[in-house]
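Asker: So that we are looking at the same thing, I have put the structure below in structure tokens.
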Amino acid sequence: MNDWVDHCDLLIVGAGPAGLSAAQAAAEAGVAAVVLDDNPRPGGQVWRHGPGFAPPRPARPLLSTLARPPLRYLPGTRIVDAPEPGVLLVEDEQRGWLLRYRQLILCCGARELLLPFPGWTLPGVTGVGALQALVKGGMPLRGERVVVAGSGPLLLASAATARQAGATVVGMFEQAPLSQVRRFALNLWRWPGKAAQAAALARRGYRPGAWVVEALGTDALQAVRVQTNGRVRTLVCDRLACAFGLVANTELASMLGCQLSAGTVAVGAGQRTSVEGVYAAGECTGVGGNELARVEGRIAGLTATGRHAEAAALAGRHRRWQAFARQLQASFELNPAIAQLARPDTLLCRCEDVSVAEVAGHTGWAQAKLHTRCGMGACQGRVCGTAARALFGWGPGNPRAPLVPARVATLGVYGTGGTGDD
Amino acid sequence: MIIYLDQHAVEVPGGITVAAALAYAGSSASRRSCTGQHRAPFCGMGVCQECRMQIDGQRRLACQTLCRPGMQVERSG
């Protein structure tokens with residue numbers, strides 16, 4: 001053991017609902033687990049908290065698990081590479097090092113599906129969960145006019161956070177048609193705690209079957225053009241929060257060789273992936289909300305610590321929330337019109353400033369990358385590659401190291417003899 | 001607390017992210033793109049890299065960095 005190498009029995013990637021639930025299960029078994037997360041505060045996206053925004057009640061006991069030894073919590077830590085089985089190269093603000101593990105639970109969560117439309121690169125335009133995250137991080141919104149658009153129940157949560165921060169929500173536009181939203185709302189009574197969501201869906205100002213076709217402004221957002229019932233009108237606003245649901249973060253799992261299925265990490269009994277000793281739980285295995293993530297995280301934690309009977313006892317609860325996830329996906333299916341919003345000159349790749357027209361003529365993602373540099377910038381195609389899948393049906397490429405921008409000194413760890421026998 | 005954005009002192013509340021602090025400086029822009037467009041924090045959760053800035057001499061994401069007194073933040077690009 002030296003400064004460049006650290007060991008643990010169980011490594012949990014992600015400190016959201018799934019990761020924290022897995023960590024709690026590990027703590028009960030007295031296993032020395034490490035929980036690693038790239039955010040400065042735990043909770044993931046759904047339990048994000050900050051000044052003026054306390055963590056929600058169900059999150060509190062799980063968050064307090066992180067302070068209980070032998071568990072170790074590494075905030076602000078990113079995974080750069082997976083050089084060989086059982087080893088990850090990681091870095092924090094100060095240094096890079098190799099982290100060896102015997103078992104691994106991936107709770108990498110999901111990101112937003114951000115799709116191009118004219119004006120989407122203007123300052124003032126963000127994702128939907130993004131606006132919520134920025135506000136919980138302390139971004140002031142008092143007195144601002146906010147439009148929330150895109151798809152999924154997150155629109156309501158984001159609008160509520162914006163109002164709480166003193167903004168006026170001047171419009172909420174859901175691309176799914178009223179009939180689908182209504183069917184979703186009518187079914188919500190079947191899941192505990194979801195009835196309030198049904199009431200919010202009936203709120204005035206929430207408009208299904210509508211979407212933003214363009215964001216207007218020169219150096220920053222000034223207004224949006226919204227299409228409702230085939231009619232387009234302009235709405236003055238200071239901010240637009242727009243995203244079309246969530247997509248699983250599968251890059252690390254893919255790099256580790258885990259099988260994917262329909263854009264999510266494939267798991268079997270006990271949340272096992274196709275790779276021995278690697279489990280996955282929560283939204284990286286399929287988007288379904290924090291309740292499903294918590295059950296899956298707990299099942300993974302119990303299985304990894306050998307408590308198979310306890311894990312099996314959760315099967316009923318697991319199935320119930322999986323049914324909710326299916327309902328969610330069916331209700332907020334993407335209207336093909338959304339994939340047509342970008343104009344030829346709209347940028348697809350925000351890192352390398354590559355337009356939709358430059359990319360559209362190619363036969364696949366790999367060819368488009370080689371010829372245009374799209375997806376080769378700092379985000380490594382996490383935004384434009386995901387958008388290209390929705391726009392052109394192209395499959396994602398295999399992720400390569402470094403998984404995220406890293407310091408040269410971190411890559412220098414390979415020269416310290418950290419890999420192989422140490 | 002005071003942080004410095006492009007060498008200008010900005011008073012910000014404690015506990016907030018650098019991405020949030022940009023709004024206190026009057027412009028939420030974090031960088032210029034390779035063709036010169038203004039960009040601002042976009043995904044809010046460490047994915048899109050639009051908020052990459054020079055923070056105390058290192059390239060870091062403003063949305064995943066908490067402000068510290070005296071922090072030096074520079075817009076990039």
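FYI, nothing fancy with the structure tokens labels: chains A, B, ... in order, residues from 1 per chain, ligands from 1 as they appear.
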Per residue of chain B within 8 Å of chain A, what are the shortest atom pair and its distance in Å to one decimal, counting only C-alpha atoms, with rows by chain and residue number, as a tab-separated table?
Answerer:
```
residue	atom	partner	partner_atom	distance
B:Gly14	CA	A:Pro51	CA	7.9
B:Gly15	CA	A:Pro51	CA	6.1
B:Ile16	CA	A:Gly138	CA	4.8
B:Thr17	CA	A:Gly137	CA	5.3
B:Ala19	CA	A:Leu134	CA	7.2
B:Ala20	CA	A:Met139	CA	3.9
B:Ala21	CA	A:Met139	CA	6.7
B:Ala23	CA	A:Met139	CA	6.6
B:Tyr24	CA	A:Pro140	CA	8.0
B:Ser28	CA	A:Pro123	CA	6.9
B:Ala29	CA	A:Pro123	CA	6.4
B:Ser33	CA	A:Cys351	CA	7.0
B:Cys34	CA	A:Glu352	CA	6.5
B:Thr35	CA	A:Asp353	CA	6.8
B:Gln37	CA	A:Asp219	CA	7.9
B:His38	CA	A:Asp219	CA	6.5
B:Arg39	CA	A:Pro123	CA	5.5
B:Ala40	CA	A:Pro123	CA	4.9
B:Pro41	CA	A:Thr126	CA	7.2
B:Phe42	CA	A:Thr126	CA	4.4
B:Cys43	CA	A:Ala130	CA	4.9
B:Gly44	CA	A:Ala130	CA	4.4
B:Met45	CA	A:Ala130	CA	6.6
B:Gly46	CA	A:Asn39	CA	7.8
B:Val47	CA	A:Cys379	CA	6.4
B:Cys48	CA	A:Cys379	CA	5.3
B:Gln49	CA	A:Cys379	CA	5.6
B:Glu50	CA	A:Cys351	CA	7.6
B:Cys63	CA	A:Leu134	CA	7.2
B:Gln64	CA	A:Asn39	CA	5.5
B:Thr65	CA	A:Pro40	CA	6.7
B:Leu66	CA	A:Pro40	CA	7.2
```
Asker: Store the residues picked out above in a file with N, CA, C and O atoms, as a short mmCIF file (atom, residue, chain, number, x, y, z; two decimals), in the first residue's frame.
Answerer:
```cif
data_model
loop_
_atom_site.label_atom_id
_atom_site.label_comp_id
_atom_site.auth_asym_id
_atom_site.auth_seq_id
_atom_site.Cartn_x
_atom_site.Cartn_y
_atom_site.Cartn_z
N GLY B 14 -22.44 31.82 1.55
CA GLY B 14 -21.66 30.61 1.81
C GLY B 14 -22.39 29.37 1.35
O GLY B 14 -23.62 29.35 1.29
N GLY B 15 -21.65 28.32 0.99
CA GLY B 15 -22.24 27.01 0.69
C GLY B 15 -22.75 26.85 -0.73
O GLY B 15 -23.29 25.80 -1.08
N ILE B 16 -22.60 27.88 -1.57
CA ILE B 16 -23.14 27.76 -2.93
C ILE B 16 -22.06 27.27 -3.90
O ILE B 16 -20.87 27.32 -3.61
N THR B 17 -22.50 26.78 -5.06
CA THR B 17 -21.55 26.31 -6.06
C THR B 17 -21.00 27.49 -6.87
O THR B 17 -21.61 28.57 -6.89
N ALA B 19 -21.02 27.59 -10.04
CA ALA B 19 -22.02 27.81 -11.10
C ALA B 19 -23.09 28.79 -10.62
O ALA B 19 -23.51 29.67 -11.36
N ALA B 20 -23.52 28.62 -9.38
CA ALA B 20 -24.53 29.52 -8.80
C ALA B 20 -23.95 30.91 -8.59
O ALA B 20 -24.64 31.91 -8.78
N ALA B 21 -22.68 30.97 -8.23
CA ALA B 21 -22.03 32.25 -7.93
C ALA B 21 -21.95 33.15 -9.16
O ALA B 21 -21.93 34.38 -9.04
N ALA B 23 -24.13 33.97 -11.25
CA ALA B 23 -25.30 34.86 -11.32
C ALA B 23 -25.08 36.12 -10.48
O ALA B 23 -25.59 37.19 -10.81
N TYR B 24 -24.32 36.00 -9.39
CA TYR B 24 -24.05 37.16 -8.52
C TYR B 24 -23.09 38.15 -9.19
O TYR B 24 -22.95 39.27 -8.75
N SER B 28 -24.23 34.91 -16.28
CA SER B 28 -24.08 33.50 -15.91
C SER B 28 -23.09 32.78 -16.84
O SER B 28 -22.86 31.59 -16.69
N ALA B 29 -22.50 33.51 -17.81
CA ALA B 29 -21.60 32.85 -18.75
C ALA B 29 -20.39 32.25 -18.05
O ALA B 29 -19.81 32.87 -17.16
N SER B 33 -17.32 29.22 -26.43
CA SER B 33 -17.14 27.96 -27.16
C SER B 33 -16.04 28.14 -28.20
O SER B 33 -15.53 29.24 -28.40
N CYS B 34 -15.68 27.06 -28.89
CA CYS B 34 -14.57 27.15 -29.85
C CYS B 34 -14.89 28.06 -31.03
O CYS B 34 -13.99 28.49 -31.74
N THR B 35 -16.18 28.40 -31.26
CA THR B 35 -16.48 29.39 -32.29
C THR B 35 -16.88 30.74 -31.68
O THR B 35 -17.44 31.60 -32.35
N GLN B 37 -18.99 31.51 -29.06
CA GLN B 37 -20.31 31.75 -28.44
C GLN B 37 -20.19 31.74 -26.92
O GLN B 37 -19.41 30.98 -26.36
N HIS B 38 -21.02 32.57 -26.26
CA HIS B 38 -21.10 32.51 -24.80
C HIS B 38 -21.84 31.25 -24.38
O HIS B 38 -22.88 30.93 -24.96
N ARG B 39 -21.32 30.57 -23.39
CA ARG B 39 -22.01 29.40 -22.84
C ARG B 39 -22.12 29.55 -21.33
O ARG B 39 -21.28 30.22 -20.71
N ALA B 40 -23.12 28.89 -20.76
CA ALA B 40 -23.36 28.95 -19.33
C ALA B 40 -23.64 27.54 -18.83
O ALA B 40 -23.88 26.64 -19.63
N PRO B 41 -23.61 27.33 -17.50
CA PRO B 41 -23.94 26.01 -16.96
C PRO B 41 -25.23 25.49 -17.59
O PRO B 41 -26.21 26.22 -17.69
N PHE B 42 -25.22 24.22 -18.01
CA PHE B 42 -26.33 23.70 -18.81
C PHE B 42 -26.98 22.46 -18.17
O PHE B 42 -28.17 22.43 -17.95
N CYS B 43 -26.16 21.45 -17.87
CA CYS B 43 -26.76 20.21 -17.33
C CYS B 43 -26.85 20.26 -15.81
O CYS B 43 -27.64 19.53 -15.21
N GLY B 44 -26.04 21.09 -15.18
CA GLY B 44 -26.11 21.29 -13.73
C GLY B 44 -25.61 20.12 -12.91
O GLY B 44 -25.66 20.18 -11.68
N MET B 45 -25.16 19.04 -13.56
CA MET B 45 -24.80 17.85 -12.80
C MET B 45 -23.53 17.16 -13.28
O MET B 45 -23.39 15.95 -13.19
N GLY B 46 -22.60 17.95 -13.81
CA GLY B 46 -21.27 17.39 -14.09
C GLY B 46 -21.16 16.54 -15.34
O GLY B 46 -20.22 15.77 -15.48
N VAL B 47 -22.11 16.68 -16.27
CA VAL B 47 -22.08 15.84 -17.47
C VAL B 47 -21.61 16.62 -18.71
O VAL B 47 -20.72 16.19 -19.42
N CYS B 48 -22.19 17.81 -18.94
CA CYS B 48 -22.04 18.48 -20.24
C CYS B 48 -20.73 19.25 -20.39
O CYS B 48 -20.35 19.57 -21.51
N GLN B 49 -20.08 19.58 -19.29
CA GLN B 49 -18.79 20.29 -19.31
C GLN B 49 -18.89 21.74 -19.79
O GLN B 49 -17.88 22.39 -20.00
N GLU B 50 -20.10 22.27 -19.96
CA GLU B 50 -20.23 23.68 -20.39
C GLU B 50 -19.73 24.64 -19.32
O GLU B 50 -19.36 25.77 -19.62
N CYS B 63 -20.25 23.62 -11.63
CA CYS B 63 -21.46 23.09 -11.00
C CYS B 63 -21.15 22.07 -9.91
O CYS B 63 -22.01 21.74 -9.11
N GLN B 64 -19.92 21.55 -9.90
CA GLN B 64 -19.55 20.54 -8.89
C GLN B 64 -18.47 21.06 -7.95
O GLN B 64 -17.80 20.28 -7.28
N THR B 65 -18.30 22.39 -7.91
CA THR B 65 -17.30 22.98 -7.04
C THR B 65 -17.97 23.99 -6.11
O THR B 65 -18.70 24.86 -6.58
N LEU B 66 -17.75 23.84 -4.82
CA LEU B 66 -18.32 24.79 -3.86
C LEU B 66 -17.38 25.98 -3.71
O LEU B 66 -16.16 25.83 -3.73
#
```
Asker: With a distance cut-off of 12 Å and only C-alpha atoms, select the neighbouring residues of B:Gly57, excluding the residue or stretch itself and same-chain residues fewer than 3 positions from it, and output the selection as a list of chain:residue names.
Answerer: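 Non-adjacent residues within range: A:Glu93, B:Met53, B:Gln54, B:Arg60, B:Met71, B:Gln72, B:Val73, B:Glu74, B:Arg75, B:Ser76.
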Asker: I need the strand (DSSP E or B) residues of stretch 309-408 of chain A per DSSP on the backbone, written as a ChimeraX atom specification.
Answerer: /A:347-349,354-355
Asker: If we count only C-alpha atoms and set the cut-off at 8 Å, which residues sit around B:Arg52, ignoring sequence neighbours fewer than 4 positions away in its own chain? Please answer as number ranges by chain.
Answerer: B: 30-31, 59-62, 76
Asker: Please dump the current selection as a tab-separated table (two decimals), in the first residue's frame; keep C-alpha atoms.
Answerer:
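Output file result_7.tsv follows:
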```tsv
chain	number	residue	atom	x	y	z
B	30	SER	CA	-18.90	30.35	-17.84
B	31	ARG	CA	-16.91	30.08	-21.06
B	59	ARG	CA	-9.75	23.33	-14.88
B	60	ARG	CA	-12.82	22.30	-12.91
B	61	LEU	CA	-16.58	22.13	-13.30
B	62	ALA	CA	-18.30	25.13	-11.71
B	76	SER	CA	-12.31	29.86	-20.04
```
Asker: What lies within 10 Å of stretch 330-337 of chain A using only C-alpha atoms, ignoring chain neighbours under 4 positions off, as a PyMOL selection string?
Answerer: chain A and resi 150-153+174-177+179-185+209+211+213+244-245+325-326+341+390-391
Asker: Can you write just those residues out, N, CA, C and O atoms, as an mmCIF file, in the first residue's frame?
Answerer:
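Result file again_11.cif:
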```cif
data_model
loop_
_atom_site.group_PDB
_atom_site.id
_atom_site.type_symbol
_atom_site.label_atom_id
_atom_site.label_comp_id
_atom_site.auth_asym_id
_atom_site.auth_seq_id
_atom_site.Cartn_x
_atom_site.Cartn_y
_atom_site.Cartn_z
ATOM 1 N N GLY A 150 -40.422 20.098 -22.042
ATOM 2 C CA GLY A 150 -39.801 18.807 -22.318
ATOM 3 C C GLY A 150 -40.754 17.690 -21.999
ATOM 4 O O GLY A 150 -41.880 17.685 -22.487
ATOM 5 N N SER A 151 -40.314 16.762 -21.118
ATOM 6 C CA SER A 151 -41.167 15.620 -20.842
ATOM 7 C C SER A 151 -40.867 14.965 -19.504
ATOM 8 O O SER A 151 -39.715 14.937 -19.069
ATOM 9 N N GLY A 152 -41.906 14.460 -18.880
ATOM 10 C CA GLY A 152 -41.758 13.654 -17.669
ATOM 11 C C GLY A 152 -42.149 14.394 -16.410
ATOM 12 O O GLY A 152 -42.284 15.618 -16.400
ATOM 13 N N PRO A 153 -42.348 13.634 -15.334
ATOM 14 C CA PRO A 153 -42.787 14.221 -14.062
ATOM 15 C C PRO A 153 -41.783 15.213 -13.457
ATOM 16 O O PRO A 153 -42.151 16.017 -12.612
ATOM 17 N N GLU A 174 -45.515 20.037 -21.679
ATOM 18 C CA GLU A 174 -45.199 18.611 -21.739
ATOM 19 C C GLU A 174 -45.471 18.113 -23.159
ATOM 20 O O GLU A 174 -46.581 18.285 -23.661
ATOM 21 N N GLN A 175 -44.442 17.474 -23.769
ATOM 22 C CA GLN A 175 -44.642 17.033 -25.161
ATOM 23 C C GLN A 175 -45.643 15.890 -25.301
ATOM 24 O O GLN A 175 -46.285 15.755 -26.338
ATOM 25 N N ALA A 176 -45.799 15.060 -24.269
ATOM 26 C CA ALA A 176 -46.746 13.940 -24.362
ATOM 27 C C ALA A 176 -48.169 14.486 -24.430
ATOM 28 O O ALA A 176 -48.478 15.503 -23.814
ATOM 29 N N PRO A 177 -49.044 13.797 -25.204
ATOM 30 C CA PRO A 177 -50.424 14.294 -25.336
ATOM 31 C C PRO A 177 -51.230 14.151 -24.045
ATOM 32 O O PRO A 177 -50.912 13.319 -23.186
ATOM 33 N N SER A 179 -54.022 12.811 -23.426
ATOM 34 C CA SER A 179 -54.593 11.477 -23.162
ATOM 35 C C SER A 179 -53.613 10.604 -22.385
ATOM 36 O O SER A 179 -53.993 9.907 -21.443
ATOM 37 N N GLN A 180 -52.332 10.659 -22.756
ATOM 38 C CA GLN A 180 -51.327 9.828 -22.075
ATOM 39 C C GLN A 180 -51.035 10.326 -20.667
ATOM 40 O O GLN A 180 -50.871 9.544 -19.742
ATOM 41 N N VAL A 181 -50.959 11.642 -20.528
ATOM 42 C CA VAL A 181 -50.689 12.218 -19.209
ATOM 43 C C VAL A 181 -51.843 11.885 -18.262
ATOM 44 O O VAL A 181 -51.631 11.524 -17.102
ATOM 45 N N ARG A 182 -53.085 11.955 -18.794
ATOM 46 C CA ARG A 182 -54.257 11.679 -17.976
ATOM 47 C C ARG A 182 -54.258 10.216 -17.515
ATOM 48 O O ARG A 182 -54.510 9.917 -16.357
ATOM 49 N N ARG A 183 -53.914 9.313 -18.450
ATOM 50 C CA ARG A 183 -53.877 7.888 -18.096
ATOM 51 C C ARG A 183 -52.821 7.636 -17.013
ATOM 52 O O ARG A 183 -53.039 6.889 -16.069
ATOM 53 N N PHE A 184 -51.670 8.297 -17.147
ATOM 54 C CA PHE A 184 -50.602 8.170 -16.140
ATOM 55 C C PHE A 184 -51.113 8.643 -14.783
ATOM 56 O O PHE A 184 -50.962 7.963 -13.770
ATOM 57 N N ALA A 185 -51.762 9.812 -14.773
ATOM 58 C CA ALA A 185 -52.258 10.395 -13.515
ATOM 59 C C ALA A 185 -53.289 9.480 -12.854
ATOM 60 O O ALA A 185 -53.267 9.277 -11.636
ATOM 61 N N GLY A 209 -49.044 18.069 -24.678
ATOM 62 C CA GLY A 209 -49.131 18.197 -26.131
ATOM 63 C C GLY A 209 -48.532 19.497 -26.640
ATOM 64 O O GLY A 209 -48.942 20.011 -27.670
ATOM 65 N N TRP A 211 -44.737 22.001 -26.905
ATOM 66 C CA TRP A 211 -43.281 22.013 -26.762
ATOM 67 C C TRP A 211 -42.658 23.300 -27.284
ATOM 68 O O TRP A 211 -43.262 24.014 -28.083
ATOM 69 N N VAL A 213 -40.305 25.266 -29.601
ATOM 70 C CA VAL A 213 -39.699 25.015 -30.910
ATOM 71 C C VAL A 213 -38.422 25.830 -31.110
ATOM 72 O O VAL A 213 -37.596 25.491 -31.947
ATOM 73 N N PHE A 244 -35.970 16.011 -22.054
ATOM 74 C CA PHE A 244 -36.993 15.053 -22.491
ATOM 75 C C PHE A 244 -36.906 13.726 -21.753
ATOM 76 O O PHE A 244 -36.924 12.669 -22.358
ATOM 77 N N GLY A 245 -36.809 13.812 -20.457
ATOM 78 C CA GLY A 245 -36.727 12.598 -19.650
ATOM 79 C C GLY A 245 -35.280 12.254 -19.335
ATOM 80 O O GLY A 245 -34.381 13.097 -19.491
ATOM 81 N N ALA A 325 -42.147 2.010 -13.127
ATOM 82 C CA ALA A 325 -41.164 2.438 -14.129
ATOM 83 C C ALA A 325 -41.708 2.210 -15.545
ATOM 84 O O ALA A 325 -41.548 3.068 -16.416
ATOM 85 N N ARG A 326 -42.366 1.064 -15.747
ATOM 86 C CA ARG A 326 -42.925 0.766 -17.078
ATOM 87 C C ARG A 326 -44.029 1.760 -17.452
ATOM 88 O O ARG A 326 -44.106 2.241 -18.569
ATOM 89 N N LEU A 341 -36.931 19.177 -34.439
ATOM 90 C CA LEU A 341 -36.904 20.601 -34.069
ATOM 91 C C LEU A 341 -35.625 21.314 -34.521
ATOM 92 O O LEU A 341 -35.639 22.491 -34.849
ATOM 93 N N ALA A 390 -31.194 9.628 -30.444
ATOM 94 C CA ALA A 390 -32.615 9.984 -30.566
ATOM 95 C C ALA A 390 -32.943 10.539 -31.955
ATOM 96 O O ALA A 390 -34.011 10.272 -32.497
ATOM 97 N N LEU A 391 -31.999 11.286 -32.550
ATOM 98 C CA LEU A 391 -32.267 11.939 -33.838
ATOM 99 C C LEU A 391 -32.085 11.004 -35.027
ATOM 100 O O LEU A 391 -32.870 11.012 -35.967
#
```
Asker: As an exercise, work out the distance from atom CA of A:Gln197 to atom CA of A:Leu155 in Å and give it to one decimal place.
Answerer: 11.0 Å
Asker: Enumerate, as JSON, numbers by chain, the complete set of residues in stretch 250-283 of chain A that a backbone-based DSSP assignment places in alpha helix (DSSP H).
Answerer: {"A": [251, 252, 253, 254, 255]}
Asker: I'd like the neighbourhood of stretch 232-234 of chain A as a PDB file with N, CA, C and O atoms, in the first residue's frame, where a residue qualifies if any of its atoms comes within 12 Å (using only C-alpha atoms), though same-chain residues fewer than 3 positions away should be ignored.
Answerer:
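Saved result, selection32.pdb, follows:
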```pdb
ATOM      1  N   VAL A 147     -39.665  29.253 -17.979  1.00  0.00           N
ATOM      2  CA  VAL A 147     -40.470  28.291 -18.737  1.00  0.00           C
ATOM      3  C   VAL A 147     -39.869  26.910 -18.505  1.00  0.00           C
ATOM      4  O   VAL A 147     -38.655  26.742 -18.588  1.00  0.00           O
ATOM      5  N   VAL A 170     -43.843  30.845 -15.970  1.00  0.00           N
ATOM      6  CA  VAL A 170     -44.787  31.407 -16.936  1.00  0.00           C
ATOM      7  C   VAL A 170     -45.358  30.362 -17.881  1.00  0.00           C
ATOM      8  O   VAL A 170     -46.266  30.651 -18.656  1.00  0.00           O
ATOM      9  N   GLY A 171     -44.854  29.139 -17.812  1.00  0.00           N
ATOM     10  CA  GLY A 171     -45.429  28.071 -18.633  1.00  0.00           C
ATOM     11  C   GLY A 171     -44.761  26.744 -18.362  1.00  0.00           C
ATOM     12  O   GLY A 171     -43.571  26.698 -18.062  1.00  0.00           O
ATOM     13  N   ALA A 210     -47.567  20.044 -25.905  1.00  0.00           N
ATOM     14  CA  ALA A 210     -46.963  21.334 -26.285  1.00  0.00           C
ATOM     15  C   ALA A 210     -45.455  21.265 -26.092  1.00  0.00           C
ATOM     16  O   ALA A 210     -44.974  20.541 -25.222  1.00  0.00           O
ATOM     17  N   TRP A 211     -44.737  22.001 -26.905  1.00  0.00           N
ATOM     18  CA  TRP A 211     -43.281  22.013 -26.762  1.00  0.00           C
ATOM     19  C   TRP A 211     -42.658  23.300 -27.284  1.00  0.00           C
ATOM     20  O   TRP A 211     -43.262  24.014 -28.083  1.00  0.00           O
ATOM     21  N   VAL A 212     -41.453  23.569 -26.806  1.00  0.00           N
ATOM     22  CA  VAL A 212     -40.710  24.752 -27.239  1.00  0.00           C
ATOM     23  C   VAL A 212     -40.055  24.431 -28.574  1.00  0.00           C
ATOM     24  O   VAL A 212     -39.353  23.425 -28.702  1.00  0.00           O
ATOM     25  N   VAL A 213     -40.305  25.266 -29.601  1.00  0.00           N
ATOM     26  CA  VAL A 213     -39.699  25.015 -30.910  1.00  0.00           C
ATOM     27  C   VAL A 213     -38.422  25.830 -31.110  1.00  0.00           C
ATOM     28  O   VAL A 213     -37.596  25.491 -31.947  1.00  0.00           O
ATOM     29  N   GLU A 214     -38.263  26.912 -30.329  1.00  0.00           N
ATOM     30  CA  GLU A 214     -37.073  27.748 -30.500  1.00  0.00           C
ATOM     31  C   GLU A 214     -36.849  28.615 -29.272  1.00  0.00           C
ATOM     32  O   GLU A 214     -37.814  29.095 -28.661  1.00  0.00           O
ATOM     33  N   ALA A 215     -35.580  28.794 -28.923  1.00  0.00           N
ATOM     34  CA  ALA A 215     -35.210  29.754 -27.881  1.00  0.00           C
ATOM     35  C   ALA A 215     -34.615  30.966 -28.583  1.00  0.00           C
ATOM     36  O   ALA A 215     -33.793  30.821 -29.491  1.00  0.00           O
ATOM     37  N   LEU A 216     -35.060  32.159 -28.195  1.00  0.00           N
ATOM     38  CA  LEU A 216     -34.635  33.392 -28.871  1.00  0.00           C
ATOM     39  C   LEU A 216     -33.748  34.233 -27.968  1.00  0.00           C
ATOM     40  O   LEU A 216     -33.954  34.291 -26.754  1.00  0.00           O
ATOM     41  N   GLN A 222     -33.987  35.404 -24.271  1.00  0.00           N
ATOM     42  CA  GLN A 222     -34.948  36.492 -24.061  1.00  0.00           C
ATOM     43  C   GLN A 222     -36.398  36.038 -24.173  1.00  0.00           C
ATOM     44  O   GLN A 222     -37.284  36.619 -23.567  1.00  0.00           O
ATOM     45  N   ALA A 223     -36.625  34.994 -24.971  1.00  0.00           N
ATOM     46  CA  ALA A 223     -37.997  34.509 -25.175  1.00  0.00           C
ATOM     47  C   ALA A 223     -37.953  33.110 -25.775  1.00  0.00           C
ATOM     48  O   ALA A 223     -36.896  32.661 -26.238  1.00  0.00           O
ATOM     49  N   VAL A 224     -39.091  32.426 -25.730  1.00  0.00           N
ATOM     50  CA  VAL A 224     -39.184  31.127 -26.404  1.00  0.00           C
ATOM     51  C   VAL A 224     -40.398  31.135 -27.320  1.00  0.00           C
ATOM     52  O   VAL A 224     -41.361  31.868 -27.089  1.00  0.00           O
ATOM     53  N   ARG A 225     -40.342  30.323 -28.368  1.00  0.00           N
ATOM     54  CA  ARG A 225     -41.511  30.096 -29.218  1.00  0.00           C
ATOM     55  C   ARG A 225     -42.046  28.721 -28.872  1.00  0.00           C
ATOM     56  O   ARG A 225     -41.309  27.741 -28.860  1.00  0.00           O
ATOM     57  N   VAL A 226     -43.335  28.680 -28.540  1.00  0.00           N
ATOM     58  CA  VAL A 226     -43.967  27.458 -28.056  1.00  0.00           C
ATOM     59  C   VAL A 226     -45.066  27.030 -29.005  1.00  0.00           C
ATOM     60  O   VAL A 226     -45.859  27.863 -29.452  1.00  0.00           O
ATOM     61  N   GLN A 227     -45.102  25.729 -29.292  1.00  0.00           N
ATOM     62  CA  GLN A 227     -46.152  25.200 -30.155  1.00  0.00           C
ATOM     63  C   GLN A 227     -47.191  24.455 -29.321  1.00  0.00           C
ATOM     64  O   GLN A 227     -46.869  23.523 -28.597  1.00  0.00           O
ATOM     65  N   THR A 228     -48.435  24.919 -29.415  1.00  0.00           N
ATOM     66  CA  THR A 228     -49.559  24.271 -28.735  1.00  0.00           C
ATOM     67  C   THR A 228     -50.679  24.105 -29.745  1.00  0.00           C
ATOM     68  O   THR A 228     -51.064  25.091 -30.393  1.00  0.00           O
ATOM     69  N   ASN A 229     -51.204  22.922 -29.884  1.00  0.00           N
ATOM     70  CA  ASN A 229     -52.299  22.648 -30.824  1.00  0.00           C
ATOM     71  C   ASN A 229     -52.014  23.208 -32.221  1.00  0.00           C
ATOM     72  O   ASN A 229     -52.869  23.853 -32.830  1.00  0.00           O
ATOM     73  N   CYS A 237     -39.279  35.298 -21.495  1.00  0.00           N
ATOM     74  CA  CYS A 237     -38.825  34.643 -20.266  1.00  0.00           C
ATOM     75  C   CYS A 237     -37.329  34.877 -20.056  1.00  0.00           C
ATOM     76  O   CYS A 237     -36.624  35.291 -20.979  1.00  0.00           O
TER      77      CYS A 237
END
```
Asker: Of the candidates A:Ala368, A:Ala253, A:Leu240, A:Val90, which shows the shortest atom-to-atom distance to A:Arg78, using only C-alpha atoms?
Answerer: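 Under the stated criterion, the closest residue is A:Val90.
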Asker: Nearest residue to A:Leu292 out of A:Tyr206, A:Tyr101, A:Trp365, A:Trp191, using only C-alpha atoms?
Answerer: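 Result for the nearest residue to A:Leu292: A:Trp191.
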